[in-house]
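Q: Pasting a structure below so you can have a look.
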Protein chains: 2
Amino acid sequence: MLLFEEALKLVLDEARHINPSVISLPLLDSLNQILAEDVFSDTDLPCFTNSSMDGFAIRYSDNNSWSIIDEIPAGHFHKVDVDIAGAVRIMTGGKLPENADTVIPIEDVDESETKVFLKQGVQIRPGQFVRHSGEDLLSNSLSVSKNTLLEPRHLALLAMCGKDTVRVSEPLKIGVMTTGDELIDINQKPVDDKVRASNLYTILAALKKLNMRTRNIGIINDDKVKIKDAVSAALNSDLDILITTGGVSVGKYDYLKDVFRELGVEVFFNSVKIKPGKPVVFGKYQNGNEIKYVFGLPGNPVSSYATFRIFIEPFLQKVFGQSTEQPTKAILRSKYTKADAKRHFIRGILSRKDNVYYATIQGKQSSNNLAGLAQSNCLILANEDVNTLNVGDEVQCIRI
Amino acid sequence: MLLFEEALKLVLDEARHINPSVISLPLLDSLNQILAEDVFSDTDLPCFTNSSMDGFAIRYSDNNSWSIIDEIPAGHFHKVDVDIAGAVRIMTGGKLPENADTVIPIEDVDESETKVFLKQGVQIRPGQFVRHSGEDLLSNSLSVSKNTLLEPRHLALLAMCGKDTVRVSEPLKIGVMTTGDELIDINQKPVDDKVRASNLYTILAALKKLNMRTRNIGIINDDKVKIKDAVSAALNSDLDILITTGGVSVGKYDYLKDVFRELGVEVFFNSVKIKPGKPVVFGKYQNGNEIKYVFGLPGNPVSSYATFRIFIEPFLQKVFGQSTEQPTKAILRSKYTKADAKRHFIRGILSRKDNVYYATIQGKQSSNNLAGLAQSNCLILANEDVNTLNVGDEVQCIRI
């Protein structure tokens with residue numbers, strides 16, 4: 001059985017085989033998307049040399065009074081000839097007249113109808129309060145680079161560079177199906193041993209949070225023919241990835257591993273030395289030039305979400321050129337013992353006091369305890385060779 | 001002029017006057033929304049006492065072999081009478097027969113056609129591998145509480161509690177207008193002293209990121225009548241908040257403060273001792289029972305985004321019952337000097353090595369340097385009474 005790091009490496013190595021398409025979107029729709037091009041500015045930033053204050057533009061000299069010869073309201077630039085005797089009223093951001101090189105802020109002068117006088121004690125420096133054309137970014141230089149996850153601050157710069165349309169990576173199309181005779185829709189009331197199919201919602205939501213396109217394939221009963229038909233249809237559709245939950249363990253009705261193999265899926269692994277989530281399948285399906293991936297997650301709701309978080313999320317980040325957030329180191333506030341050689345992902349609460357992080361183990365670690373999962377905000381790692389984690393130990397935490 | 005903390009307090013105090021409406025959404029659409037109700041479970045979790053392993057359900061005794069009397073595949077529960085001599089084949093998650101109390105994992109037994117035998121050396125404990133009905137959450141107890149920002153892990157629990165529809169707070173409707181004769185659409189090429197209206201995009205994107213509903217009111221020229229008409233129309237529309245950019249400084253064509261006053265807006269402040277963003281307006285407009293807020297942000301692109309981040313974002317978080325993230329403490333890697341008594345918000349890059357955060361000041365701090373802003377990921381605080389920040393100083397950083 002593979003160790004976690006070995007399994008993760010296999011998953012990440014495959015990510016390079018998926019090349020998302022590129023689509024063009026209006027700038028505002030590109031928020032939270034991945035930029036698929038290097039964007040170069042089509043203009044200097046600032047576009048023109050301008051004043052950083054409301055005041056008067058002058059040509060520097062040792063004068064201390066000037067005639068007000070003109071005014072340039074923002075957006076109304078016109079040619080003015082400025083000599084050392086003249087001052088032009090200018091607003092913050094206003095373009096400097098050609099011969100002006102210095103700005104005196106309005107609060108540093110007294111004004112008469114036609115003149116301005118430097119206030120007592122005010123010193124001016126040549127070139128003060130002037131922002132030079134191109135000082136922030138020169139025309140044709142890189143403004144936002146490919147693979148940037150677009151935040152408002154990037155949209156700000158793209159807007160200033162005139163990008164009303166941007167090219168972004170097209171989200172992958174990912175189908176989710178859940179298998180099991182015990183499963184019922186969530187709007188039904190469970191009787192006997194029926195269980196609401198929460199995994200569909202968890203995984204679809206987790207994909208939505210990563211901006212993927214999702215398809216809800218729904219609940220498939222533990223019937224090998226039905227499962228095979230559903231998986232085959234998914235693999236031969238336009239989906240890039242198929243995620244299943246349930247049916248991957250060693251039980252008598254766990255058909256998925258056989259189905260994957262029978263349909264020609266190359267299975268890289270079907271169990272990993274982890275808890276929760278030991279029975280987890282990762283495979284590749286090749287049909288001509290088309291490559292699709294399958295993730296068979298365990299059916300237990302916590303295992304299903306944890307394996308999504310530790311395998312599929314890093315896989316998708318790699319596909320889109322995003323780096324994976326490094327785990328947060330925290331001081332453990334609980335004790336934990338384990339008797340196996342698996343890597344454990346323990347649900348916990350990560351909190352911060354000053355700049356120190358603390359991790360507290362949250363409730364029962366049973367792999368169907370969704371109440372505990374909902375209250376948690378991290379997975380605390382207990383490595384393969386660890387038997388006991390003590391209060392005060394440093395641990396690594398993955399945020400969820 | 002108000003200090004930052006005084007201004008922020010005024011803003012946050014007003015947040016209580018906005019009560020977002022409540023709307024019902026299908027569960028999956030509620031991701032990233034704010035839950036507007038306490039949700040109680042309609043069933044025990046787990047719903048029934050079940051096995052945590054694939055194996056055999058027995059009634060505990062000191063026996064070490066049992067007759068296989070039945071099998072209960074998941075989803076096919078039926079009544080079985082288990083005495084101490086009988087074992088029922090059961091799958092992970094399968095409901096325990098009434099008289100069974102203990103599960104033996106499949107790997108701990110040898111099987112013949114009709115019997116199971118405990119493997120040499122295996123010890124069983126009464127009650128082992130059994131999850132009890134309600135042990136994670138009892139029926140009618142709180143599962144997810146009001147004001148939770150819904151993550152996939154919450155949707156998981158809500159699904160298991162049968163909530164196919166949830167009540168969430170309706171996002172606010174927020175209009176954004178930008179003013180200035182110098183402004184042009186971003187798809188135009190700037191000539192003379194024209195500037196692309198990037199602020200519209202920055203603020204609309206920042207609002208979208210907070211899940212608000214936005215209305216792009218567009219560019220309004222520096223014409224007092226046109227500005228007044230546009231502001232009046234916005235205040236008397238269904239908008240909850242109006243955000244303007246530009247026109248709030250002391251320049252001759254800065255009409256917005258007058259317009260707000262003339263239209264009956266109660267202006268709480270129109271400048272704050274901060275840099276960037278000193279000219280920033282916050283006001284309330286009351287029309288009968290309706291209360292709307294206006295934020296007049298400065299026109300400089302960096303100032304506009306910074307004031308959004310430090311005033312409007314905390315305001316919206318308060319409205320929706322969310323706590324504001326505390327600033328991150330970091331070790332400064334740059335030197336910074338300031339000569340005024342304002343609070344500075346310096347664009348910088350926050351990075352982490354092991355568990356220590358470092359902050360590096362990013363590029364020129366000019367208030368129109370969008371290139372520097374796009375490359376930054378935080379605002380580093382320099383408090384009012386600080387003149388110099390040195391390499392190695394501890395600073396507070398707000399993520400952007």
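Labels for the structure tokens follow display order: chains A, B, ..., residues from 1 in each chain, ligands from 1.
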Return chain A as a compact mmCIF listing (two decimals) with C-alpha atoms, in the first residue's frame, after superposing it on chain B by a least-squares fit that covers all C-alpha atoms paired in order.
A:
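selection-v1.txt, written as the output of this step:
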# COMPACT_ATOMS: atom_id res chain seq x y z
CA MET A 1 -9.84 65.56 11.40
CA LEU A 2 -10.69 62.12 12.77
CA LEU A 3 -8.14 59.52 13.63
CA PHE A 4 -8.48 56.20 11.81
CA GLU A 5 -9.79 54.35 14.87
CA GLU A 6 -12.41 57.03 15.48
CA ALA A 7 -13.58 56.95 11.88
CA LEU A 8 -13.69 53.15 11.83
CA LYS A 9 -15.73 53.12 15.04
CA LEU A 10 -18.28 55.49 13.49
CA VAL A 11 -18.53 53.25 10.43
CA LEU A 12 -18.90 50.05 12.45
CA ASP A 13 -21.45 51.62 14.79
CA GLU A 14 -23.71 52.35 11.83
CA ALA A 15 -23.57 48.78 10.57
CA ARG A 16 -26.27 47.76 13.02
CA HIS A 17 -28.83 49.86 11.14
CA ILE A 18 -28.69 47.57 8.13
CA ASN A 19 -30.60 44.33 8.46
CA PRO A 20 -30.16 42.23 5.36
CA SER A 21 -33.28 40.45 4.13
CA VAL A 22 -33.46 36.71 4.33
CA ILE A 23 -33.86 34.58 1.23
CA SER A 24 -34.19 30.85 0.68
CA LEU A 25 -31.70 29.15 -1.58
CA PRO A 26 -31.15 25.57 -2.74
CA LEU A 27 -28.42 24.09 -0.57
CA LEU A 28 -25.69 24.12 -3.24
CA ASP A 29 -26.32 27.78 -4.07
CA SER A 30 -25.72 28.70 -0.44
CA LEU A 31 -21.95 28.13 -0.64
CA ASN A 32 -20.11 31.29 0.49
CA GLN A 33 -23.37 32.84 1.72
CA ILE A 34 -24.20 33.76 5.32
CA LEU A 35 -26.61 31.40 7.06
CA ALA A 36 -29.57 33.40 8.39
CA GLU A 37 -31.02 30.75 10.70
CA ASP A 38 -29.89 28.34 13.36
CA VAL A 39 -30.25 24.90 11.81
CA PHE A 40 -31.22 22.00 14.06
CA SER A 41 -30.78 18.40 13.02
CA ASP A 42 -34.00 16.57 12.18
CA THR A 43 -32.44 13.23 13.06
CA ASP A 44 -29.76 11.65 15.21
CA LEU A 45 -26.33 11.50 13.60
CA PRO A 46 -25.53 8.77 12.96
CA CYS A 47 -29.19 7.99 12.29
CA PHE A 48 -28.72 4.42 13.52
CA THR A 49 -26.16 2.39 15.40
CA ASN A 50 -23.77 1.05 12.80
CA SER A 51 -20.52 -0.72 12.10
CA SER A 52 -17.34 1.22 11.51
CA MET A 53 -15.74 -1.73 9.70
CA ASP A 54 -16.51 -4.38 7.11
CA GLY A 55 -16.89 -7.58 9.16
CA PHE A 56 -19.30 -9.47 11.35
CA ALA A 57 -21.78 -8.17 13.89
CA ILE A 58 -22.04 -10.36 17.00
CA ARG A 59 -23.43 -10.29 20.49
CA TYR A 60 -20.36 -10.10 22.71
CA SER A 61 -19.30 -13.23 24.60
CA ASP A 62 -16.05 -15.12 25.07
CA ASN A 63 -16.80 -17.27 22.03
CA ASN A 64 -14.21 -17.44 19.31
CA SER A 65 -16.28 -18.91 16.53
CA TRP A 66 -19.75 -18.13 15.22
CA SER A 67 -22.22 -19.42 12.64
CA ILE A 68 -22.82 -17.00 9.79
CA ILE A 69 -26.57 -16.59 10.11
CA ASP A 70 -27.25 -13.74 7.74
CA GLU A 71 -25.90 -10.81 5.81
CA ILE A 72 -27.12 -7.21 5.79
CA PRO A 73 -25.83 -5.34 2.75
CA ALA A 74 -25.91 -1.55 3.19
CA GLY A 75 -29.38 -0.31 2.36
CA HIS A 76 -31.01 -3.70 2.85
CA PHE A 77 -31.66 -3.79 6.57
CA HIS A 78 -33.98 -6.46 7.85
CA LYS A 79 -34.68 -7.91 11.26
CA VAL A 80 -32.23 -10.63 12.36
CA ASP A 81 -32.20 -12.26 15.74
CA VAL A 82 -28.59 -12.48 16.88
CA ASP A 83 -27.68 -14.73 19.81
CA ILE A 84 -24.17 -15.35 21.08
CA ALA A 85 -23.65 -18.17 18.58
CA GLY A 86 -24.49 -16.22 15.45
CA ALA A 87 -22.65 -13.65 13.36
CA VAL A 88 -24.14 -11.37 10.71
CA ARG A 89 -22.03 -10.18 7.82
CA ILE A 90 -22.09 -6.38 7.79
CA MET A 91 -20.45 -3.56 5.84
CA THR A 92 -18.94 -0.31 7.05
CA GLY A 93 -21.83 1.97 7.92
CA GLY A 94 -24.27 -0.95 8.02
CA LYS A 95 -26.96 -0.88 10.69
CA LEU A 96 -26.37 -3.30 13.55
CA PRO A 97 -29.02 -5.97 14.15
CA GLU A 98 -30.95 -5.35 17.36
CA ASN A 99 -29.20 -7.82 19.62
CA ALA A 100 -25.71 -7.34 18.23
CA ASP A 101 -23.36 -5.03 20.11
CA THR A 102 -19.89 -5.69 18.74
CA VAL A 103 -18.20 -5.90 15.34
CA ILE A 104 -15.26 -8.10 14.37
CA PRO A 105 -13.38 -6.71 11.36
CA ILE A 106 -13.08 -9.04 8.38
CA GLU A 107 -9.29 -9.05 8.70
CA ASP A 108 -9.54 -10.56 12.21
CA VAL A 109 -11.38 -13.72 11.16
CA ASP A 110 -11.01 -16.82 9.02
CA GLU A 111 -14.13 -17.97 7.22
CA SER A 112 -15.51 -21.30 6.17
CA GLU A 113 -18.72 -21.59 4.15
CA THR A 114 -20.93 -21.34 7.22
CA LYS A 115 -18.69 -20.19 10.07
CA VAL A 116 -16.21 -17.55 11.13
CA PHE A 117 -13.29 -18.16 13.46
CA LEU A 118 -11.36 -15.53 15.36
CA LYS A 119 -7.76 -15.48 14.16
CA GLN A 120 -5.06 -16.64 16.55
CA GLY A 121 -4.09 -13.94 19.03
CA VAL A 122 -6.91 -11.50 18.19
CA GLN A 123 -8.63 -9.98 21.23
CA ILE A 124 -12.06 -8.44 20.94
CA ARG A 125 -13.50 -5.81 23.24
CA PRO A 126 -17.23 -5.60 23.93
CA GLY A 127 -18.78 -2.86 21.79
CA GLN A 128 -15.80 -2.52 19.49
CA PHE A 129 -16.19 -0.90 16.04
CA VAL A 130 -19.72 0.24 16.80
CA ARG A 131 -20.88 3.80 16.27
CA HIS A 132 -23.93 4.63 18.29
CA SER A 133 -26.97 6.40 16.99
CA GLY A 134 -26.79 10.09 17.93
CA GLU A 135 -23.22 9.97 19.17
CA ASP A 136 -22.16 12.77 16.79
CA LEU A 137 -25.28 14.90 17.06
CA LEU A 138 -28.61 14.31 18.73
CA SER A 139 -31.85 15.02 16.95
CA ASN A 140 -33.09 18.62 17.44
CA SER A 141 -29.69 19.92 18.47
CA LEU A 142 -27.92 22.83 16.81
CA SER A 143 -25.99 21.73 13.74
CA VAL A 144 -24.93 24.97 12.04
CA SER A 145 -25.49 28.32 13.66
CA LYS A 146 -26.81 31.57 12.25
CA ASN A 147 -24.23 33.90 10.68
CA THR A 148 -21.96 31.04 9.62
CA LEU A 149 -20.18 31.74 6.36
CA LEU A 150 -21.07 28.52 4.57
CA GLU A 151 -18.15 26.34 3.54
CA PRO A 152 -18.30 22.88 1.93
CA ARG A 153 -17.94 21.28 5.37
CA HIS A 154 -21.09 23.08 6.55
CA LEU A 155 -23.00 22.06 3.43
CA ALA A 156 -21.98 18.49 4.24
CA LEU A 157 -23.68 18.65 7.62
CA LEU A 158 -26.69 20.60 6.34
CA ALA A 159 -27.18 17.93 3.67
CA MET A 160 -27.04 15.22 6.29
CA CYS A 161 -29.64 17.17 8.30
CA GLY A 162 -31.94 17.19 5.29
CA LYS A 163 -31.71 20.91 4.53
CA ASP A 164 -32.22 20.97 0.79
CA THR A 165 -33.14 24.64 1.10
CA VAL A 166 -31.47 27.06 3.48
CA ARG A 167 -32.22 30.60 4.57
CA VAL A 168 -29.34 32.97 3.99
CA SER A 169 -28.84 36.70 4.28
CA GLU A 170 -29.56 38.47 1.05
CA PRO A 171 -26.48 40.29 -0.26
CA LEU A 172 -26.76 44.08 -0.23
CA LYS A 173 -27.30 46.00 -3.43
CA ILE A 174 -24.43 48.40 -3.87
CA GLY A 175 -24.01 50.96 -6.60
CA VAL A 176 -20.65 52.26 -7.73
CA MET A 177 -20.07 55.50 -9.62
CA THR A 178 -16.84 57.23 -10.47
CA THR A 179 -16.55 60.94 -11.15
CA GLY A 180 -14.11 63.03 -13.13
CA ASP A 181 -13.79 64.83 -16.46
CA GLU A 182 -10.49 63.03 -16.99
CA LEU A 183 -12.06 59.57 -16.95
CA ILE A 184 -12.53 57.39 -20.01
CA ASP A 185 -13.77 53.84 -20.47
CA ILE A 186 -11.03 51.27 -20.09
CA ASN A 187 -11.34 50.17 -23.71
CA GLN A 188 -10.31 53.65 -24.86
CA LYS A 189 -6.70 54.65 -25.37
CA PRO A 190 -5.75 57.54 -23.10
CA VAL A 191 -4.63 60.75 -24.79
CA ASP A 192 -3.60 64.07 -23.21
CA ASP A 193 -4.60 63.88 -19.56
CA LYS A 194 -7.29 61.24 -19.86
CA VAL A 195 -7.23 58.34 -17.41
CA ARG A 196 -8.94 54.99 -17.64
CA ALA A 197 -11.69 54.60 -15.06
CA SER A 198 -10.09 51.65 -13.31
CA ASN A 199 -11.77 52.38 -9.97
CA LEU A 200 -15.10 51.13 -11.21
CA TYR A 201 -13.58 47.74 -11.88
CA THR A 202 -11.56 47.60 -8.68
CA ILE A 203 -14.50 48.43 -6.44
CA LEU A 204 -17.03 46.31 -8.33
CA ALA A 205 -14.60 43.37 -8.17
CA ALA A 206 -13.95 43.91 -4.46
CA LEU A 207 -17.71 43.91 -3.84
CA LYS A 208 -18.19 40.81 -5.95
CA LYS A 209 -15.50 39.07 -3.93
CA LEU A 210 -17.59 39.80 -0.83
CA ASN A 211 -20.65 38.32 -2.60
CA MET A 212 -22.50 41.62 -2.83
CA ARG A 213 -24.91 42.56 -5.63
CA THR A 214 -23.42 45.36 -7.64
CA ARG A 215 -24.68 48.04 -9.98
CA ASN A 216 -22.25 49.83 -12.24
CA ILE A 217 -23.47 53.44 -12.41
CA GLY A 218 -20.48 54.37 -14.54
CA ILE A 219 -18.54 57.55 -15.12
CA ILE A 220 -20.11 60.90 -14.24
CA ASN A 221 -18.41 64.08 -15.41
CA ASP A 222 -17.31 66.86 -13.07
CA ASP A 223 -20.59 68.69 -13.51
CA LYS A 224 -22.36 69.42 -10.28
CA VAL A 225 -25.86 69.07 -11.73
CA LYS A 226 -25.07 65.74 -13.35
CA ILE A 227 -23.42 64.44 -10.19
CA LYS A 228 -26.33 65.57 -8.06
CA ASP A 229 -28.82 63.91 -10.40
CA ALA A 230 -26.86 60.66 -10.37
CA VAL A 231 -26.41 60.60 -6.59
CA SER A 232 -30.07 61.52 -6.04
CA ALA A 233 -31.23 58.76 -8.37
CA ALA A 234 -29.01 56.26 -6.56
CA LEU A 235 -30.18 57.32 -3.09
CA ASN A 236 -33.80 57.03 -4.15
CA SER A 237 -33.39 53.66 -5.83
CA ASP A 238 -33.37 50.20 -4.26
CA LEU A 239 -29.64 50.43 -3.53
CA ASP A 240 -28.55 49.85 0.07
CA ILE A 241 -25.20 51.56 -0.33
CA LEU A 242 -23.75 54.05 -2.79
CA ILE A 243 -20.01 54.14 -3.34
CA THR A 244 -18.51 57.00 -5.28
CA THR A 245 -14.88 57.53 -6.21
CA GLY A 246 -13.28 60.91 -6.83
CA GLY A 247 -14.56 64.40 -6.19
CA VAL A 248 -14.19 64.38 -2.40
CA SER A 249 -10.99 66.37 -1.96
CA VAL A 250 -10.63 70.13 -1.52
CA GLY A 251 -10.18 70.91 -5.22
CA LYS A 252 -12.39 73.37 -7.07
CA TYR A 253 -14.23 70.61 -8.93
CA ASP A 254 -14.72 68.31 -5.97
CA TYR A 255 -18.50 68.56 -5.78
CA LEU A 256 -19.45 65.40 -3.98
CA LYS A 257 -19.31 66.64 -0.41
CA ASP A 258 -21.61 69.56 -1.30
CA VAL A 259 -23.91 67.28 -3.26
CA PHE A 260 -24.23 64.85 -0.36
CA ARG A 261 -25.09 67.66 2.02
CA GLU A 262 -27.55 69.31 -0.35
CA LEU A 263 -29.37 66.00 -0.82
CA GLY A 264 -29.74 65.57 2.93
CA VAL A 265 -27.01 63.04 3.57
CA GLU A 266 -25.82 63.16 7.18
CA VAL A 267 -22.06 63.25 6.73
CA PHE A 268 -20.18 61.64 9.63
CA PHE A 269 -16.75 62.53 8.31
CA ASN A 270 -15.15 63.75 5.13
CA SER A 271 -11.51 63.32 5.91
CA VAL A 272 -9.50 61.01 8.10
CA LYS A 273 -5.90 61.19 9.28
CA ILE A 274 -4.73 58.38 7.02
CA LYS A 275 -2.47 57.94 4.03
CA PRO A 276 -3.48 57.06 1.42
CA GLY A 277 -7.11 58.07 1.51
CA LYS A 278 -7.34 61.21 3.62
CA PRO A 279 -10.33 62.61 1.73
CA VAL A 280 -12.94 59.95 2.39
CA VAL A 281 -16.62 60.56 3.11
CA PHE A 282 -19.00 58.45 5.12
CA GLY A 283 -22.64 59.44 5.43
CA LYS A 284 -26.15 58.24 6.05
CA TYR A 285 -29.24 59.01 4.01
CA GLN A 286 -32.59 58.52 5.63
CA ASN A 287 -35.80 58.55 3.64
CA GLY A 288 -38.71 57.67 5.87
CA ASN A 289 -37.81 54.32 7.35
CA GLU A 290 -35.21 53.57 4.75
CA ILE A 291 -31.57 54.06 5.65
CA LYS A 292 -28.86 54.05 3.03
CA TYR A 293 -25.17 54.70 3.39
CA VAL A 294 -22.77 56.54 1.16
CA PHE A 295 -19.04 56.08 0.99
CA GLY A 296 -17.23 58.74 -0.99
CA LEU A 297 -13.82 57.28 -1.75
CA PRO A 298 -10.92 59.30 -3.09
CA GLY A 299 -10.25 59.16 -6.81
CA ASN A 300 -6.66 58.04 -6.70
CA PRO A 301 -6.80 54.35 -7.58
CA VAL A 302 -4.72 53.10 -4.67
CA SER A 303 -6.49 55.38 -2.17
CA SER A 304 -9.81 54.23 -3.48
CA TYR A 305 -9.02 50.54 -3.00
CA ALA A 306 -7.28 51.06 0.36
CA THR A 307 -10.23 52.97 1.82
CA PHE A 308 -12.58 50.30 0.52
CA ARG A 309 -10.50 47.68 2.28
CA ILE A 310 -10.15 49.49 5.60
CA PHE A 311 -13.68 50.94 5.91
CA ILE A 312 -16.22 49.28 3.61
CA GLU A 313 -15.04 45.69 3.99
CA PRO A 314 -15.22 45.77 7.83
CA PHE A 315 -18.59 47.57 7.57
CA LEU A 316 -20.02 44.82 5.37
CA GLN A 317 -18.57 42.10 7.59
CA LYS A 318 -20.25 43.69 10.59
CA VAL A 319 -23.58 43.98 8.73
CA PHE A 320 -23.45 40.23 8.05
CA GLY A 321 -22.34 39.27 11.54
CA GLN A 322 -18.85 38.29 10.44
CA SER A 323 -15.81 38.99 12.55
CA THR A 324 -13.03 40.95 10.93
CA GLU A 325 -9.76 39.11 10.48
CA GLN A 326 -7.21 40.42 12.95
CA PRO A 327 -4.09 41.91 11.33
CA THR A 328 -1.10 39.60 10.93
CA LYS A 329 2.02 40.49 12.89
CA ALA A 330 5.13 40.40 10.76
CA ILE A 331 8.81 41.30 10.91
CA LEU A 332 9.48 44.27 8.67
CA ARG A 333 12.18 43.76 6.06
CA SER A 334 12.23 47.34 4.81
CA LYS A 335 12.76 50.76 6.31
CA TYR A 336 10.02 53.37 6.21
CA THR A 337 9.93 56.95 7.36
CA LYS A 338 7.00 59.32 7.62
CA ALA A 339 6.86 62.95 8.63
CA ASP A 340 3.17 63.33 9.43
CA ALA A 341 0.82 62.26 12.20
CA LYS A 342 -1.40 60.16 9.90
CA ARG A 343 -1.82 56.42 10.02
CA HIS A 344 -0.15 55.00 6.93
CA PHE A 345 -1.28 51.90 5.07
CA ILE A 346 1.82 50.87 3.15
CA ARG A 347 1.53 48.41 0.27
CA GLY A 348 3.71 45.41 0.94
CA ILE A 349 4.31 41.73 0.46
CA LEU A 350 3.60 39.43 3.35
CA SER A 351 5.45 36.14 3.24
CA ARG A 352 5.88 33.30 5.68
CA LYS A 353 8.93 31.26 6.50
CA ASP A 354 8.29 28.49 8.99
CA ASN A 355 5.73 30.21 11.15
CA VAL A 356 7.21 33.67 11.04
CA TYR A 357 5.68 36.31 8.80
CA TYR A 358 7.82 38.89 7.04
CA ALA A 359 6.62 42.10 5.41
CA THR A 360 8.48 43.83 2.64
CA ILE A 361 7.45 47.24 1.38
CA GLN A 362 6.53 47.05 -2.27
CA GLY A 363 7.66 49.73 -4.68
CA LYS A 364 6.72 53.37 -4.77
CA GLN A 365 3.91 54.35 -2.41
CA SER A 366 2.37 56.88 -4.77
CA SER A 367 -1.40 56.74 -4.49
CA ASN A 368 -1.90 56.00 -8.16
CA ASN A 369 0.66 53.19 -8.38
CA LEU A 370 -1.60 50.33 -9.36
CA ALA A 371 1.40 48.30 -10.53
CA GLY A 372 2.70 48.34 -6.97
CA LEU A 373 -0.74 47.54 -5.59
CA ALA A 374 -1.22 44.56 -7.90
CA GLN A 375 2.08 43.08 -6.72
CA SER A 376 1.26 43.64 -3.06
CA ASN A 377 -0.73 41.31 -0.87
CA CYS A 378 -1.02 43.40 2.28
CA LEU A 379 -1.22 46.86 3.78
CA ILE A 380 1.44 47.41 6.43
CA LEU A 381 0.32 49.73 9.22
CA ALA A 382 2.45 52.64 10.41
CA ASN A 383 0.62 54.23 13.31
CA GLU A 384 0.03 57.94 13.87
CA ASP A 385 2.86 58.38 16.38
CA VAL A 386 5.46 56.46 14.37
CA ASN A 387 8.15 58.35 12.45
CA THR A 388 10.39 55.52 11.44
CA LEU A 389 9.87 51.83 10.93
CA ASN A 390 13.13 49.92 10.89
CA VAL A 391 14.15 46.56 9.48
CA GLY A 392 13.32 44.02 12.18
CA ASP A 393 10.40 46.00 13.69
CA GLU A 394 7.20 44.13 14.35
CA VAL A 395 4.39 45.50 12.18
CA GLN A 396 0.70 44.75 11.68
CA CYS A 397 -0.44 43.76 8.21
CA ILE A 398 -3.91 43.68 6.69
CA ARG A 399 -4.23 41.17 3.86
CA ILE A 400 -5.55 42.43 0.52
Q: Among range 135-291 of chain B, which ones does DSSP place in strand (DSSP E), written as a ChimeraX atom specification?
A: /B:142-144,165-169,173-179,183-184,195-196,213-220,241-245,266-269,274-275,281-287,290-291
Q: To test your reading of the structure, identify every residue in range 188-334 of chain A that backbone DSSP assigns to alpha helix (DSSP H), and report it as a count of residues only.
A: 45
